[in-house]
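To be precise, the following lines are start.pdb, and they hold PDB, C-alpha atoms and all ligand atoms.
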ATOM      1  CA  MET A 651     -20.896  -5.749  50.429  1.00  0.00           C
ATOM      2  CA  GLY A 652     -23.146  -7.145  47.808  1.00  0.00           C
ATOM      3  CA  LEU A 653     -26.272  -5.526  46.629  1.00  0.00           C
ATOM      4  CA  ILE A 654     -29.223  -6.526  48.714  1.00  0.00           C
ATOM      5  CA  THR A 655     -32.365  -6.826  46.705  1.00  0.00           C
ATOM      6  CA  TRP A 656     -35.696  -6.841  48.373  1.00  0.00           C
ATOM      7  CA  LYS A 657     -38.865  -7.990  46.853  1.00  0.00           C
ATOM      8  CA  ASP A 658     -42.315  -7.816  48.272  1.00  0.00           C
ATOM      9  CA  GLU A 659     -44.043 -10.554  46.483  1.00  0.00           C
ATOM     10  CA  PRO A 660     -47.754 -11.262  46.518  1.00  0.00           C
ATOM     11  CA  LEU A 661     -48.510 -14.940  46.504  1.00  0.00           C
ATOM     12  CA  GLN A 662     -51.714 -16.781  45.796  1.00  0.00           C
ATOM     13  CA  VAL A 663     -52.038 -19.399  48.466  1.00  0.00           C
ATOM     14  CA  PRO A 664     -54.740 -22.039  48.377  1.00  0.00           C
ATOM     15  CA  GLU A 665     -56.427 -22.191  51.751  1.00  0.00           C
ATOM     16  CA  GLY A 666     -58.762 -25.045  51.253  1.00  0.00           C
ATOM     17  CA  GLU A 667     -61.221 -26.894  49.155  1.00  0.00           C
ATOM     18  CA  GLY A 668     -64.926 -26.728  49.646  1.00  0.00           C
ATOM     19  CA  PHE A 669     -68.155 -25.646  48.096  1.00  0.00           C
ATOM     20  CA  PHE A 670     -69.688 -22.277  47.431  1.00  0.00           C
ATOM     21  CA  ASN A 671     -72.613 -20.722  45.652  1.00  0.00           C
ATOM     22  CA  CYS A 672     -71.191 -19.694  42.303  1.00  0.00           C
ATOM     23  CA  PRO A 673     -72.894 -16.577  40.902  1.00  0.00           C
ATOM     24  CA  THR A 674     -71.909 -17.518  37.334  1.00  0.00           C
ATOM     25  CA  CYS A 675     -73.106 -21.100  37.479  1.00  0.00           C
ATOM     26  CA  GLY A 676     -76.084 -20.151  39.621  1.00  0.00           C
ATOM     27  CA  ALA A 677     -75.475 -23.293  41.612  1.00  0.00           C
ATOM     28  CA  ARG A 678     -73.458 -24.703  44.435  1.00  0.00           C
ATOM     29  CA  ARG A 679     -70.096 -25.801  43.098  1.00  0.00           C
ATOM     30  CA  PRO A 680     -66.852 -27.238  44.330  1.00  0.00           C
ATOM     31  CA  CYS A 681     -64.268 -24.524  44.634  1.00  0.00           C
ATOM     32  CA  TRP A 682     -60.911 -23.513  45.971  1.00  0.00           C
ATOM     33  CA  LEU A 683     -60.520 -20.850  48.575  1.00  0.00           C
ATOM     34  CA  TRP A 684     -57.550 -18.586  47.915  1.00  0.00           C
ATOM     35  CA  ARG A 685     -55.816 -15.954  49.869  1.00  0.00           C
ATOM     36  CA  THR A 686     -53.331 -13.404  48.712  1.00  0.00           C
ATOM     37  CA  VAL A 687     -50.315 -13.360  50.951  1.00  0.00           C
ATOM     38  CA  ARG A 688     -47.424 -10.946  50.870  1.00  0.00           C
ATOM     39  CA  ARG A 689     -44.010 -11.592  52.183  1.00  0.00           C
ATOM     40  CA  GLY A 690     -40.713  -9.890  51.853  1.00  0.00           C
ATOM     41  CA  LEU A 691     -38.203 -11.909  49.912  1.00  0.00           C
ATOM     42  CA  LEU A 692     -34.506 -11.298  50.133  1.00  0.00           C
ATOM     43  CA  PHE A 693     -32.737 -11.863  46.839  1.00  0.00           C
ATOM     44  CA  GLY A 694     -36.142 -12.825  45.512  1.00  0.00           C
ATOM     45  CA  LYS A 695     -36.259 -16.101  47.360  1.00  0.00           C
ATOM     46  CA  VAL A 696     -35.385 -15.967  51.033  1.00  0.00           C
ATOM     47  CA  PRO A 697     -38.434 -15.139  53.095  1.00  0.00           C
ATOM     48  CA  VAL A 698     -37.525 -12.559  55.700  1.00  0.00           C
ATOM     49  CA  THR A 699     -40.912 -11.586  56.978  1.00  0.00           C
ATOM     50  CA  ALA A 700     -43.855 -13.620  58.094  1.00  0.00           C
ATOM     51  CA  PRO A 701     -46.465 -13.908  55.375  1.00  0.00           C
ATOM     52  CA  GLN A 702     -49.151 -11.276  55.670  1.00  0.00           C
ATOM     53  CA  VAL A 703     -52.610 -11.808  54.385  1.00  0.00           C
ATOM     54  CA  VAL A 704     -53.784  -9.041  52.108  1.00  0.00           C
ATOM     55  CA  GLY A 705     -57.136  -8.500  50.490  1.00  0.00           C
ATOM     56  CA  PRO A 706     -60.264 -10.573  50.795  1.00  0.00           C
ATOM     57  CA  GLU A 707     -60.562 -14.308  50.419  1.00  0.00           C
ATOM     58  CA  ARG A 708     -61.268 -15.393  46.887  1.00  0.00           C
ATOM     59  CA  PHE A 709     -63.138 -18.344  45.523  1.00  0.00           C
ATOM     60  CA  ARG A 710     -62.297 -20.109  42.316  1.00  0.00           C
ATOM     61  CA  CYS A 711     -65.103 -22.154  40.861  1.00  0.00           C
ATOM     62  CA  ASP A 712     -64.092 -25.622  39.731  1.00  0.00           C
ATOM     63  CA  ALA A 713     -66.901 -25.753  37.210  1.00  0.00           C
ATOM     64  CA  CYS A 714     -66.592 -22.448  35.351  1.00  0.00           C
ATOM     65  CA  GLY A 715     -63.174 -21.257  36.515  1.00  0.00           C
ATOM     66  CA  GLY A 716     -64.607 -17.961  37.648  1.00  0.00           C
ATOM     67  CA  GLU A 717     -63.003 -16.084  40.511  1.00  0.00           C
ATOM     68  CA  PHE A 718     -64.940 -14.190  43.110  1.00  0.00           C
ATOM     69  CA  ALA A 719     -63.757 -12.083  45.987  1.00  0.00           C
ATOM     70  CA  GLU A 720     -65.491 -12.294  49.317  1.00  0.00           C
ATOM     71  CA  ASP A 721     -67.092  -8.873  49.573  1.00  0.00           C
ATOM     72  CA  GLY A 722     -69.627  -9.448  52.285  1.00  0.00           C
ATOM     73  CA  GLN A 723     -72.394  -8.805  49.770  1.00  0.00           C
ATOM     74  CA  HIS A 724     -72.837 -12.223  48.233  1.00  0.00           C
ATOM     75  CA  GLY A 725     -74.033 -15.302  50.029  1.00  0.00           C
ATOM     76  CA  TYR A 726     -71.201 -17.465  48.797  1.00  0.00           C
ATOM     77  CA  ASP A 727     -71.652 -19.578  51.881  1.00  0.00           C
ATOM     78  CA  TYR A 728     -68.347 -21.320  51.573  1.00  0.00           C
ATOM     79  CA  GLY A 729     -68.238 -24.588  53.431  1.00  0.00           C
ATOM     80  CA  PRO A 730     -67.245 -28.237  53.379  1.00  0.00           C
ATOM     81  CA  ASN A 731     -70.648 -29.512  52.324  1.00  0.00           C
ATOM     82  CA  ALA A 732     -71.973 -29.864  48.816  1.00  0.00           C
ATOM     83  CA  VAL A 733     -75.494 -29.735  50.106  1.00  0.00           C
ATOM     84  CA  THR A 734     -76.659 -27.149  52.543  1.00  0.00           C
ATOM     85  CA  GLN A 735     -79.739 -27.336  54.626  1.00  0.00           C
ATOM     86  CA  ALA A 736     -83.068 -26.715  53.064  1.00  0.00           C
ATOM     87  CA  TRP A 737     -85.331 -24.218  54.691  1.00  0.00           C
ATOM     88  CA  LYS A 738     -89.005 -24.556  55.369  1.00  0.00           C
ATOM     89  CA  CYS A 739     -91.409 -22.345  53.562  1.00  0.00           C
ATOM     90  CA  PHE A 740     -93.141 -20.022  56.022  1.00  0.00           C
ATOM     91  CA  ARG A 741     -96.406 -20.263  54.149  1.00  0.00           C
ATOM     92  CA  CYS A 742     -96.834 -23.879  53.025  1.00  0.00           C
ATOM     93  CA  LYS A 743     -94.264 -25.447  55.396  1.00  0.00           C
ATOM     94  CA  GLN A 744     -92.677 -27.513  52.672  1.00  0.00           C
ATOM     95  CA  GLU A 745     -88.952 -27.777  52.167  1.00  0.00           C
ATOM     96  CA  VAL A 746     -87.256 -25.339  49.823  1.00  0.00           C
ATOM     97  CA  PRO A 747     -83.755 -25.939  48.456  1.00  0.00           C
ATOM     98  CA  TYR A 748     -81.230 -23.821  50.308  1.00  0.00           C
ATOM     99  CA  GLU A 749     -80.092 -21.762  47.346  1.00  0.00           C
ATOM    100  CA  ARG A 750     -83.579 -20.673  46.392  1.00  0.00           C
ATOM    101  CA  PHE A 751     -85.197 -17.584  47.782  1.00  0.00           C
ATOM    102  CA  ASP A 752     -88.618 -18.471  46.523  1.00  0.00           C
ATOM    103  CA  CYS A 753     -90.764 -21.458  47.285  1.00  0.00           C
ATOM    104  CA  PRO A 754     -91.275 -23.800  44.306  1.00  0.00           C
ATOM    105  CA  HIS A 755     -94.430 -25.149  45.941  1.00  0.00           C
ATOM    106  CA  CYS A 756     -96.475 -22.058  46.647  1.00  0.00           C
ATOM    107  CA  GLY A 757     -94.451 -19.171  45.238  1.00  0.00           C
ATOM    108  CA  TYR A 758     -93.710 -17.548  48.589  1.00  0.00           C
ATOM    109  CA  ARG A 759     -90.724 -15.283  48.297  1.00  0.00           C
ATOM    110  CA  LEU A 760     -88.240 -14.876  51.093  1.00  0.00           C
ATOM    111  CA  GLU A 761     -87.111 -11.316  51.381  1.00  0.00           C
ATOM    112  CA  VAL A 762     -83.396 -11.132  51.858  1.00  0.00           C
ATOM    113  CA  GLY A 763     -81.279  -8.192  52.865  1.00  0.00           C
ATOM    114  CA  ASN A 764     -83.062  -4.864  52.933  1.00  0.00           C
TER     115      ASN A 764
HETATM  116 ZN    ZN B 801     -69.026 -21.426  38.487  1.00  0.00          ZN
HETATM  117 ZN    ZN B 802     -94.345 -22.599  50.011  1.00  0.00          ZN
END

I need this file expressed as structure tokens, please.
Ligand SMILES: [Zn+2]
Ligand SMILES: [Zn+2]
Amino acid sequence: MGLITWKDEPLQVPEGEGFFNCPTCGARRPCWLWRTVRRGLLFGKVPVTAPQVVGPERFRCDACGGEFAEDGQHGYDYGPNAVTQAWKCFRCKQEVPYERFDCPHCGYRLEVGN
């Protein structure tokens, strides 16, 4: 009987490519979505368990290389589109770029969160 070695190895697995609101760049950027997956490896290479997702999804910004974990606090708004829908200012009814929380036309400020 040989020695059976068991390794539980975390793997970074790219899940997809899209766009997100990068907090460092302060802009919508192309990014990779990553997941950390764990699987048991026999002899360090034979997968013996189905991969299990651990931890939150993470975004890696293509522009600045920053990594950000999905924490439910940030509006990363990951998606396939570089441009998201503009919203209409409640006061002056003009269009405001999606990523802004204040109206560049009249200064109205959208209150977000609490
Ligand atoms: Zn960035
Ligand atoms: Zn306005």

Can you list what the PyMOL selection byres (((not hetatm)) within 9 of (chain B and resi 802)) grabs from this structure, as a VMD selection string? chain A and resid 738 to 746 752 to 759

Enumerate residues in contact with ligand ZN 801 (chain B): an atom-to-atom distance of at most 7 Å, counting all atoms listed in the file. Format the result as a VMD selection string. chain A and resid 672 to 675 679 711 to 716

Residues picked by the PyMOL selection byres (((chain A and resi 733) around 12) and not hetatm) here, as a ChimeraX atom specification? /A:668-671,677-680,727-732,734-736,747-749

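Note that the spacing between atom CA of Val696 of chain A and atom CA of Leu683 of chain A amounts to 25.7 Å.
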
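Proximity to Glu665 of chain A was assessed for A:Glu720, A:Trp682, A:Ala700, A:Leu692 counting all atoms listed in the file; the smallest distance is recorded for A:Trp682.
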
The PyMOL selection byres (((chain A and resi 664) around 12) and not hetatm) on the file shown: which residues, as a count of residues only? 18

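The interatomic distance for the pair atom CA of Gln723 of chain A and atom CA of Pro701 of chain A works out to 27.0 Å.
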
Report, as AutoDock Vina command-line options, the axis-aligned box around all atoms of segment 743-752 of chain A present in the file, extended by 3 Å on each side; give centre and edge lengths in Å to one decimal place.
--center_x -87.2 --center_y -22.7 --center_z 50.9 --size_x 20.2 --size_y 16.2 --size_z 15.0

Atom CA of Phe751 of chain A to atom CA of Glu717 of chain A: how many Å, to one decimal? 23.4 Å

Pro697 of chain A surroundings by only C-alpha atoms, 10 Å radius, close-in-sequence under 4 positions cut, as a PyMOL selection string: chain A and resi 656-659+689-693+701

Residues of the last selection are to be written out with C-alpha atoms, as a CSV table (one decimal), in the frame of the given file.
chain,number,residue,atom,x,y,z
A,656,TRP,CA,-35.7,-6.8,48.4
A,657,LYS,CA,-38.9,-8.0,46.9
A,658,ASP,CA,-42.3,-7.8,48.3
A,659,GLU,CA,-44.0,-10.6,46.5
A,689,ARG,CA,-44.0,-11.6,52.2
A,690,GLY,CA,-40.7,-9.9,51.9
A,691,LEU,CA,-38.2,-11.9,49.9
A,692,LEU,CA,-34.5,-11.3,50.1
A,693,PHE,CA,-32.7,-11.9,46.8
A,701,PRO,CA,-46.5,-13.9,55.4

Judged by all atoms listed in the file, the minimum distance to Gly705 of chain A among A:Thr655, A:Arg688, A:Gly725, A:Gly676 is found for A:Arg688

Could you rebuild segment 666-683 of chain A with N, CA, C and O atoms and give it back as a PDB file, keeping the file's coordinate frame?
ATOM      1  N   GLY A 666     -57.939 -23.874  51.010  1.00  0.00           N
ATOM      2  CA  GLY A 666     -58.762 -25.045  51.253  1.00  0.00           C
ATOM      3  C   GLY A 666     -59.680 -25.323  50.090  1.00  0.00           C
ATOM      4  O   GLY A 666     -59.761 -24.553  49.138  1.00  0.00           O
ATOM      5  N   GLU A 667     -60.326 -26.440  50.194  1.00  0.00           N
ATOM      6  CA  GLU A 667     -61.221 -26.894  49.155  1.00  0.00           C
ATOM      7  C   GLU A 667     -62.593 -27.050  49.777  1.00  0.00           C
ATOM      8  O   GLU A 667     -62.707 -27.583  50.884  1.00  0.00           O
ATOM      9  N   GLY A 668     -63.592 -26.591  49.077  1.00  0.00           N
ATOM     10  CA  GLY A 668     -64.926 -26.728  49.646  1.00  0.00           C
ATOM     11  C   GLY A 668     -65.975 -26.486  48.587  1.00  0.00           C
ATOM     12  O   GLY A 668     -65.759 -26.779  47.413  1.00  0.00           O
ATOM     13  N   PHE A 669     -67.064 -25.929  49.021  1.00  0.00           N
ATOM     14  CA  PHE A 669     -68.155 -25.646  48.096  1.00  0.00           C
ATOM     15  C   PHE A 669     -68.642 -24.231  48.334  1.00  0.00           C
ATOM     16  O   PHE A 669     -68.568 -23.725  49.448  1.00  0.00           O
ATOM     17  N   PHE A 670     -69.123 -23.612  47.282  1.00  0.00           N
ATOM     18  CA  PHE A 670     -69.688 -22.277  47.431  1.00  0.00           C
ATOM     19  C   PHE A 670     -70.780 -22.079  46.406  1.00  0.00           C
ATOM     20  O   PHE A 670     -70.928 -22.870  45.475  1.00  0.00           O
ATOM     21  N   ASN A 671     -71.552 -21.039  46.604  1.00  0.00           N
ATOM     22  CA  ASN A 671     -72.613 -20.722  45.652  1.00  0.00           C
ATOM     23  C   ASN A 671     -72.026 -19.845  44.555  1.00  0.00           C
ATOM     24  O   ASN A 671     -71.753 -18.672  44.770  1.00  0.00           O
ATOM     25  N   CYS A 672     -71.815 -20.430  43.398  1.00  0.00           N
ATOM     26  CA  CYS A 672     -71.191 -19.694  42.303  1.00  0.00           C
ATOM     27  C   CYS A 672     -72.210 -18.802  41.602  1.00  0.00           C
ATOM     28  O   CYS A 672     -73.232 -19.287  41.116  1.00  0.00           O
ATOM     29  N   PRO A 673     -71.951 -17.497  41.554  1.00  0.00           N
ATOM     30  CA  PRO A 673     -72.894 -16.577  40.902  1.00  0.00           C
ATOM     31  C   PRO A 673     -72.993 -16.822  39.397  1.00  0.00           C
ATOM     32  O   PRO A 673     -74.036 -16.586  38.797  1.00  0.00           O
ATOM     33  N   THR A 674     -71.896 -17.268  38.780  1.00  0.00           N
ATOM     34  CA  THR A 674     -71.909 -17.518  37.334  1.00  0.00           C
ATOM     35  C   THR A 674     -72.694 -18.775  36.997  1.00  0.00           C
ATOM     36  O   THR A 674     -73.519 -18.780  36.089  1.00  0.00           O
ATOM     37  N   CYS A 675     -72.410 -19.843  37.738  1.00  0.00           N
ATOM     38  CA  CYS A 675     -73.106 -21.100  37.479  1.00  0.00           C
ATOM     39  C   CYS A 675     -74.540 -21.054  38.009  1.00  0.00           C
ATOM     40  O   CYS A 675     -75.389 -21.812  37.558  1.00  0.00           O
ATOM     41  N   GLY A 676     -74.778 -20.190  38.986  1.00  0.00           N
ATOM     42  CA  GLY A 676     -76.084 -20.151  39.621  1.00  0.00           C
ATOM     43  C   GLY A 676     -76.373 -21.423  40.389  1.00  0.00           C
ATOM     44  O   GLY A 676     -77.511 -21.855  40.496  1.00  0.00           O
ATOM     45  N   ALA A 677     -75.314 -22.035  40.891  1.00  0.00           N
ATOM     46  CA  ALA A 677     -75.475 -23.293  41.612  1.00  0.00           C
ATOM     47  C   ALA A 677     -74.338 -23.460  42.602  1.00  0.00           C
ATOM     48  O   ALA A 677     -73.343 -22.737  42.555  1.00  0.00           O
ATOM     49  N   ARG A 678     -74.510 -24.401  43.471  1.00  0.00           N
ATOM     50  CA  ARG A 678     -73.458 -24.703  44.435  1.00  0.00           C
ATOM     51  C   ARG A 678     -72.412 -25.572  43.758  1.00  0.00           C
ATOM     52  O   ARG A 678     -72.722 -26.601  43.188  1.00  0.00           O
ATOM     53  N   ARG A 679     -71.170 -25.137  43.815  1.00  0.00           N
ATOM     54  CA  ARG A 679     -70.096 -25.801  43.098  1.00  0.00           C
ATOM     55  C   ARG A 679     -68.897 -26.054  43.990  1.00  0.00           C
ATOM     56  O   ARG A 679     -68.660 -25.297  44.926  1.00  0.00           O
ATOM     57  N   PRO A 680     -68.127 -27.082  43.631  1.00  0.00           N
ATOM     58  CA  PRO A 680     -66.852 -27.238  44.330  1.00  0.00           C
ATOM     59  C   PRO A 680     -65.923 -26.089  43.967  1.00  0.00           C
ATOM     60  O   PRO A 680     -65.953 -25.597  42.840  1.00  0.00           O
ATOM     61  N   CYS A 681     -65.136 -25.660  44.901  1.00  0.00           N
ATOM     62  CA  CYS A 681     -64.268 -24.524  44.634  1.00  0.00           C
ATOM     63  C   CYS A 681     -63.015 -24.580  45.498  1.00  0.00           C
ATOM     64  O   CYS A 681     -62.917 -25.375  46.424  1.00  0.00           O
ATOM     65  N   TRP A 682     -62.088 -23.734  45.154  1.00  0.00           N
ATOM     66  CA  TRP A 682     -60.911 -23.513  45.971  1.00  0.00           C
ATOM     67  C   TRP A 682     -61.030 -22.156  46.630  1.00  0.00           C
ATOM     68  O   TRP A 682     -61.474 -21.200  46.024  1.00  0.00           O
ATOM     69  N   LEU A 683     -60.595 -22.120  47.862  1.00  0.00           N
ATOM     70  CA  LEU A 683     -60.520 -20.850  48.575  1.00  0.00           C
ATOM     71  C   LEU A 683     -59.070 -20.375  48.507  1.00  0.00           C
ATOM     72  O   LEU A 683     -58.147 -21.115  48.831  1.00  0.00           O
TER      73      LEU A 683
END
